[in-house]
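Single-structure report; data block below.
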Amino acid sequence: MSVKVQTTAQIGRSLLVSVWFLMMLAACTQDGGGSTSPAPSVPPPPVAGNPATVTLASPAQNATVPVGPVTVSFTTQFFTVGPPGQTHLHFYLDGDLVPYMFYSGAGIDADNGVLYNGVHTHFVHWKSAVSFDIFGLSSASHTVRVVLADQSHNELMNAEATKTLAFSVSQPPTGDLTLQSVLSGLNFPVGLSLAPDGRVFFNERLTGKIRIIDQQWQLVPTEFCQIAIVTSGEQGLLGLTLDPDFATNHFVYVYHSAAGPLRNRVVRYTESGGFCTNQQIILDNLPANGNHNGGIIQFGPDGKLYVVIGDAENTANAQSLTTLAGKILRINPDGSAPSDNPFFSNSNANAQKIFSLGHRNSYGFTFHPHTGHLWETENGPSDTDEINRVISGGNYGWPTVRGIVGNANFHDPILAYVSVIAPTGIIAIPENSTAYPTAYRNNLLFAAWNDGRIRRVVLSGADLTQLGSTSTAYSGGQGALLSMMLGADGYIYVSNAGGIFRVVP
């Protein structure tokens, strides 16, 4: 996929282990909930034996396509694909038994044109009245089966109303880095966190289970914890981090979506014998919605807990200090606000916890080990994904501005991607790393959902705040990528929907 990049200097897998990641998790970075215009009159329902046909136009049958988004286009005869409540199209990806619902017509756009279990996902994206994009496909063989359906979702029975397309995604060109599988058969692993004793803790985003990997990279059979969560859209078990003093206190912090009422919250558990005990609520009633829940949490070098919250699908939230939506929070480990926070003098208790504002939604941030700077990936709408250096009190513009605009009221990103890539995890390579070439030291690496690539950012300047260069270090092939972690062996680890990989030269 060709990606245009703006810089400050220029001013300008296993498929369907889960298709519920609505990000990333993500990936055209569009959202559900688009408005629908009044529907035209409903046509007579199709019946078995009618002449309605569907034809798959591209890609060609048994074609091999490049790694990256795959556009599937089709045509119909004697059949109208309409908005919800009218005749429409179903399609199934690989072995998934649940269909995607494809709509078109008045009021249909990228937000509501393809729904899965009633919500817009970031795995498939409506492109036009006769096409859709599939993101994050692995380098393997895949199938798409399309079926015409009536207003009540009954699929037409005539043979020409169903067609199946088989195609393969090629292996990408070799880059500087490659991925070695270390653990497969996982269920949407996110929030990878390394314990001082070499164990790795992570979330299964959709099951509510927190799992542990032992020092030999074997999955501990029994879950560390089972949490009651909600999983519509981008909800779920979203973030996890360990206390800086974990060796002594064994504290595990988790960000998850909860019901009754719908909200997000940060909770803390105490690890004892490999199991969670003593739940403590650190933050409750955090803004939540179907999409844009944020959820990434990490401790900074200052010992404070940083929490990303998306705008909860209300763009106005991001610029308001009265809500925590669209913000990065900085709190004490007990959930209270540090007195040196930028808005601590504000009488509003929410504002006192805010570190930065003007954020849309993020699936990753990291603290650079040399400078301590916070670097964040930010997902745009249909354009302008960003890489930001986040400072105390900084306003990052959403929704007033996006990308590199040079507006003194807001902080520009160091990179802005005009074509959407849906950046996810991000990490910095330590300056004393022996796992990677010398030229990689102090560089940022970040993953993407849409094309499954890992990109490299070379930082420059005395304080490493400027962009030296950017390039693709890993060209994809393992599907959409998620979380990143620095391992005990000095290598970076990255997850996809079904496993964890070691990133090696």
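Chain lettering (A, B, ...) mirrors the order of the structure tokens, residue numbering begins at 1 for each chain separately, and ligand numbering begins at 1 in order of display.
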Using only C-alpha atoms, what does the table of region 342-443 of chain A residues within 10 Å of region 288-303 of chain A look like, with each row giving the shortest atom pair and its distance in Å to one decimal, sorted by chain and ascending number, as a Markdown table?
```
| residue | atom | partner | partner_atom | distance |
| --- | --- | --- | --- | --- |
| A:His359 | CA | A:Gly294 | CA | 9.8 |
| A:Arg360 | CA | A:His292 | CA | 7.3 |
| A:Asn361 | CA | A:His292 | CA | 5.4 |
| A:Ser362 | CA | A:Gly294 | CA | 5.6 |
| A:Tyr363 | CA | A:Ile296 | CA | 6.3 |
| A:Gly364 | CA | A:Ile296 | CA | 6.1 |
| A:Phe365 | CA | A:Ile296 | CA | 7.4 |
| A:Thr366 | CA | A:Gln298 | CA | 7.8 |
| A:Phe367 | CA | A:Gly300 | CA | 6.6 |
| A:His368 | CA | A:Pro301 | CA | 9.3 |
| A:Pro369 | CA | A:Pro301 | CA | 8.4 |
| A:Thr371 | CA | A:Pro301 | CA | 9.8 |
| A:Gly372 | CA | A:Pro301 | CA | 6.5 |
| A:His373 | CA | A:Gly300 | CA | 9.2 |
| A:Leu374 | CA | A:Gly300 | CA | 8.3 |
| A:Asn379 | CA | A:His292 | CA | 9.6 |
| A:Gly425 | CA | A:Ile296 | CA | 9.5 |
```
Those selected residues, please, written with N, CA, C and O atoms and delivered as an mmCIF file, in the first residue's frame.
```
data_model
loop_
_atom_site.group_PDB
_atom_site.id
_atom_site.type_symbol
_atom_site.label_atom_id
_atom_site.label_comp_id
_atom_site.auth_asym_id
_atom_site.auth_seq_id
_atom_site.Cartn_x
_atom_site.Cartn_y
_atom_site.Cartn_z
ATOM 1 N N HIS A 359 -7.209 14.489 22.059
ATOM 2 C CA HIS A 359 -6.923 13.177 21.477
ATOM 3 C C HIS A 359 -8.208 12.526 20.968
ATOM 4 O O HIS A 359 -9.260 12.628 21.600
ATOM 5 N N ARG A 360 -8.096 11.840 19.830
ATOM 6 C CA ARG A 360 -9.249 11.133 19.263
ATOM 7 C C ARG A 360 -9.346 9.714 19.811
ATOM 8 O O ARG A 360 -10.310 9.340 20.436
ATOM 9 N N ASN A 361 -8.298 8.905 19.574
ATOM 10 C CA ASN A 361 -8.224 7.554 20.115
ATOM 11 C C ASN A 361 -6.825 7.008 19.868
ATOM 12 O O ASN A 361 -6.223 7.279 18.833
ATOM 13 N N SER A 362 -6.320 6.260 20.820
ATOM 14 C CA SER A 362 -4.965 5.738 20.717
ATOM 15 C C SER A 362 -4.924 4.282 21.143
ATOM 16 O O SER A 362 -5.613 3.864 22.071
ATOM 17 N N TYR A 363 -4.047 3.511 20.460
ATOM 18 C CA TYR A 363 -3.833 2.107 20.800
ATOM 19 C C TYR A 363 -2.393 1.859 21.243
ATOM 20 O O TYR A 363 -1.957 0.715 21.309
ATOM 21 N N GLY A 364 -1.677 2.915 21.557
ATOM 22 C CA GLY A 364 -0.325 2.683 22.023
ATOM 23 C C GLY A 364 0.411 3.930 22.432
ATOM 24 O O GLY A 364 0.253 4.985 21.816
ATOM 25 N N PHE A 365 1.193 3.830 23.503
ATOM 26 C CA PHE A 365 2.154 4.880 23.836
ATOM 27 C C PHE A 365 3.319 4.246 24.571
ATOM 28 O O PHE A 365 3.236 3.122 25.086
ATOM 29 N N THR A 366 4.422 4.954 24.613
ATOM 30 C CA THR A 366 5.629 4.429 25.246
ATOM 31 C C THR A 366 6.454 5.575 25.800
ATOM 32 O O THR A 366 6.308 6.722 25.340
ATOM 33 N N PHE A 367 7.282 5.283 26.772
ATOM 34 C CA PHE A 367 8.211 6.273 27.302
ATOM 35 C C PHE A 367 9.610 5.943 26.805
ATOM 36 O O PHE A 367 10.092 4.816 26.977
ATOM 37 N N HIS A 368 10.232 6.920 26.166
ATOM 38 C CA HIS A 368 11.570 6.688 25.627
ATOM 39 C C HIS A 368 12.551 6.471 26.782
ATOM 40 O O HIS A 368 12.620 7.307 27.703
ATOM 41 N N PRO A 369 13.339 5.390 26.776
ATOM 42 C CA PRO A 369 14.208 5.098 27.928
ATOM 43 C C PRO A 369 15.339 6.100 28.120
ATOM 44 O O PRO A 369 15.864 6.223 29.234
ATOM 45 N N THR A 371 15.234 9.627 27.060
ATOM 46 C CA THR A 371 14.733 10.976 27.335
ATOM 47 C C THR A 371 13.568 11.005 28.301
ATOM 48 O O THR A 371 13.268 12.060 28.876
ATOM 49 N N GLY A 372 12.852 9.884 28.459
ATOM 50 C CA GLY A 372 11.641 9.871 29.274
ATOM 51 C C GLY A 372 10.433 10.443 28.566
ATOM 52 O O GLY A 372 9.340 10.508 29.146
ATOM 53 N N HIS A 373 10.608 10.892 27.305
ATOM 54 C CA HIS A 373 9.489 11.480 26.571
ATOM 55 C C HIS A 373 8.403 10.443 26.287
ATOM 56 O O HIS A 373 8.693 9.270 26.015
ATOM 57 N N LEU A 374 7.152 10.913 26.321
ATOM 58 C CA LEU A 374 6.007 10.068 26.001
ATOM 59 C C LEU A 374 5.707 10.184 24.510
ATOM 60 O O LEU A 374 5.425 11.279 24.014
ATOM 61 N N ASN A 379 -5.014 7.481 16.147
ATOM 62 C CA ASN A 379 -5.792 7.122 14.961
ATOM 63 C C ASN A 379 -6.673 8.270 14.517
ATOM 64 O O ASN A 379 -7.462 8.801 15.309
ATOM 65 N N GLY A 425 0.629 -0.439 18.565
ATOM 66 C CA GLY A 425 1.688 -0.394 19.568
ATOM 67 C C GLY A 425 2.903 0.388 19.110
ATOM 68 O O GLY A 425 3.211 0.468 17.918
#
```
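Listed by chain and then by rising number, the residues of region 129-270 of chain A that DSSP assigns to alpha helix (DSSP H) from the backbone are A:Phe246, A:Ala247, A:Thr248, A:Asn249.
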Could you write those residues out with C-alpha atoms, as a compact mmCIF listing (two decimals), in the first residue's frame?
```
# COMPACT_ATOMS: atom_id res chain seq x y z
CA PHE A 246 5.93 -5.38 41.20
CA ALA A 247 8.75 -7.49 42.66
CA THR A 248 7.69 -6.25 46.09
CA ASN A 249 3.96 -5.45 45.90
```
List the spatial neighbours of Gly452 (chain A) as number ranges by chain - criterion: any atom at most 7 Å away, only C-alpha atoms, same-chain residues fewer than 6 positions off excluded. A: 136, 476-481
Atomic separation - CA of Ala52 (chain A) relative to CA of Asn158 (chain A), Å: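 Between CA of Asn158 (chain A) and CA of Ala52 (chain A) the gap is 7.9 Å.
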Could you pull out the strand (DSSP E) residues of region 239-403 of chain A from DSSP and send them as a PyMOL selection string? chain A and resi 239-242+251-258+263-272+275-286+297-299+305-309+327-331+354-357+364-367+374-378+385-390
Taking 2 positions as the minimum chain separation for residues in the same chain, which residues sit within 8 Å of Gly239 (chain A) when counting only C-alpha atoms? Answer as a short mmCIF file (atom, residue, chain, number, x, y, z; two decimals) with C-alpha atoms, in the first residue's frame.
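Written output follows (result-v3.cif):
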```
data_model
loop_
_atom_site.label_atom_id
_atom_site.label_comp_id
_atom_site.auth_asym_id
_atom_site.auth_seq_id
_atom_site.Cartn_x
_atom_site.Cartn_y
_atom_site.Cartn_z
CA VAL A 190 -3.05 -7.21 24.11
CA GLY A 191 -1.34 -5.33 26.89
CA ASN A 203 -5.09 -9.61 28.33
CA LEU A 237 -10.22 -6.03 28.28
CA THR A 241 0.53 -2.84 33.14
CA VAL A 254 -6.01 -3.42 34.22
CA TYR A 255 -8.24 -1.17 32.09
CA HIS A 256 -11.54 -2.76 30.99
CA GLY A 295 -7.48 1.78 27.33
CA ILE A 296 -3.70 1.73 27.07
CA ILE A 297 -2.09 2.17 30.50
#
```
Of the candidates A:Gly326, A:Trp375, A:Arg455, A:Asp111, which shows the shortest atom-to-atom distance to Pro399 (chain A), using only C-alpha atoms? A:Gly326
Which neighbours of Ala435 (chain A) fall inside 10 Å, counting only C-alpha atoms, when residues of the same chain fewer than 2 positions from it are skipped, and could you give them as JSON, numbers by chain? {"A": [429, 430, 432, 433, 437, 438, 440, 441, 489, 490, 491, 492, 503, 504, 505]}
Residue contacts of region 273-283 of chain A (7 Å, only C-alpha atoms) excluding same-chain residues fewer than 3 positions away, as an mmCIF file with C-alpha atoms, in the first residue's frame:
```
data_model
loop_
_atom_site.group_PDB
_atom_site.id
_atom_site.type_symbol
_atom_site.label_atom_id
_atom_site.label_comp_id
_atom_site.auth_asym_id
_atom_site.auth_seq_id
_atom_site.Cartn_x
_atom_site.Cartn_y
_atom_site.Cartn_z
ATOM 1 C CA PHE A 224 -4.479 -15.410 36.157
ATOM 2 C CA CYS A 225 -7.836 -13.675 36.382
ATOM 3 C CA ARG A 265 -12.504 1.566 34.651
ATOM 4 C CA VAL A 266 -9.010 0.896 35.958
ATOM 5 C CA VAL A 267 -8.702 -1.819 38.592
ATOM 6 C CA ARG A 268 -5.748 -3.195 40.524
ATOM 7 C CA TYR A 269 -5.116 -6.799 41.546
ATOM 8 C CA THR A 270 -2.470 -8.353 43.740
ATOM 9 C CA ASP A 334 -4.121 5.008 44.053
ATOM 10 C CA GLY A 335 -6.076 7.006 41.452
#
```
Who sits within 8 Å of region 117-119 of chain A, only C-alpha atoms, same chain under 2 positions skipped, as a list in words: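 Selected residues are Gly32, Val98, Tyr100, Asn112, Leu115, Thr121, Ser232 and Gly233 of chain A.
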Contacts of region 56-130 of chain A with region 142-145 of chain A up to 9 Å, shortest pair per row, only C-alpha atoms, as a tab-separated table:
```
residue	atom	partner	partner_atom	distance
A:Val72	CA	A:Val144	CA	8.6
A:His90	CA	A:Arg145	CA	8.2
A:Phe91	CA	A:Arg145	CA	5.4
A:Tyr92	CA	A:Arg145	CA	5.1
A:Leu93	CA	A:Val144	CA	4.9
A:Asp94	CA	A:Thr143	CA	4.8
A:Gly95	CA	A:Thr143	CA	8.2
```
Same residues, N, CA and C atoms, output as a PDB file, in the first residue's frame:
```pdb
ATOM      1  N   VAL A  72     -12.332  -5.967  -2.580  1.00  0.00           N
ATOM      2  CA  VAL A  72     -13.232  -6.915  -3.245  1.00  0.00           C
ATOM      3  C   VAL A  72     -14.363  -6.117  -3.876  1.00  0.00           C
ATOM      4  N   HIS A  90     -24.758 -10.177   2.043  1.00  0.00           N
ATOM      5  CA  HIS A  90     -23.992 -10.802   3.118  1.00  0.00           C
ATOM      6  C   HIS A  90     -22.668 -11.269   2.544  1.00  0.00           C
ATOM      7  N   PHE A  91     -21.608 -11.191   3.320  1.00  0.00           N
ATOM      8  CA  PHE A  91     -20.378 -11.868   2.901  1.00  0.00           C
ATOM      9  C   PHE A  91     -19.661 -12.450   4.103  1.00  0.00           C
ATOM     10  N   TYR A  92     -18.981 -13.576   3.854  1.00  0.00           N
ATOM     11  CA  TYR A  92     -18.299 -14.346   4.888  1.00  0.00           C
ATOM     12  C   TYR A  92     -16.812 -14.415   4.558  1.00  0.00           C
ATOM     13  N   LEU A  93     -15.973 -14.220   5.544  1.00  0.00           N
ATOM     14  CA  LEU A  93     -14.528 -14.269   5.356  1.00  0.00           C
ATOM     15  C   LEU A  93     -13.969 -15.565   5.919  1.00  0.00           C
ATOM     16  N   ASP A  94     -13.215 -16.274   5.091  1.00  0.00           N
ATOM     17  CA  ASP A  94     -12.597 -17.529   5.481  1.00  0.00           C
ATOM     18  C   ASP A  94     -13.610 -18.440   6.180  1.00  0.00           C
ATOM     19  N   GLY A  95     -13.299 -18.964   7.356  1.00  0.00           N
ATOM     20  CA  GLY A  95     -14.193 -19.918   8.003  1.00  0.00           C
ATOM     21  C   GLY A  95     -15.199 -19.301   8.939  1.00  0.00           C
TER      22      GLY A  95
END
```
Calculated over only C-alpha atoms, which of the candidates A:Lys127, A:Arg456, A:His88, A:Arg199 has the smallest distance to Ser73 (chain A)?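 Of all the options, A:Lys127 lies closest to Ser73 (chain A).
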Between A:Leu177, A:Leu459, A:Val147, A:Val220, which one has atoms that come closest to Met101 (chain A), using only C-alpha atoms?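 That would be A:Val147, the residue with the smallest distance to Met101 (chain A).
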Length of the CA of Phe102 (chain A) to CA of Thr207 (chain A) vector [Å]: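 So the two atoms, CA of Phe102 (chain A) and CA of Thr207 (chain A), lie 27.1 Å apart.
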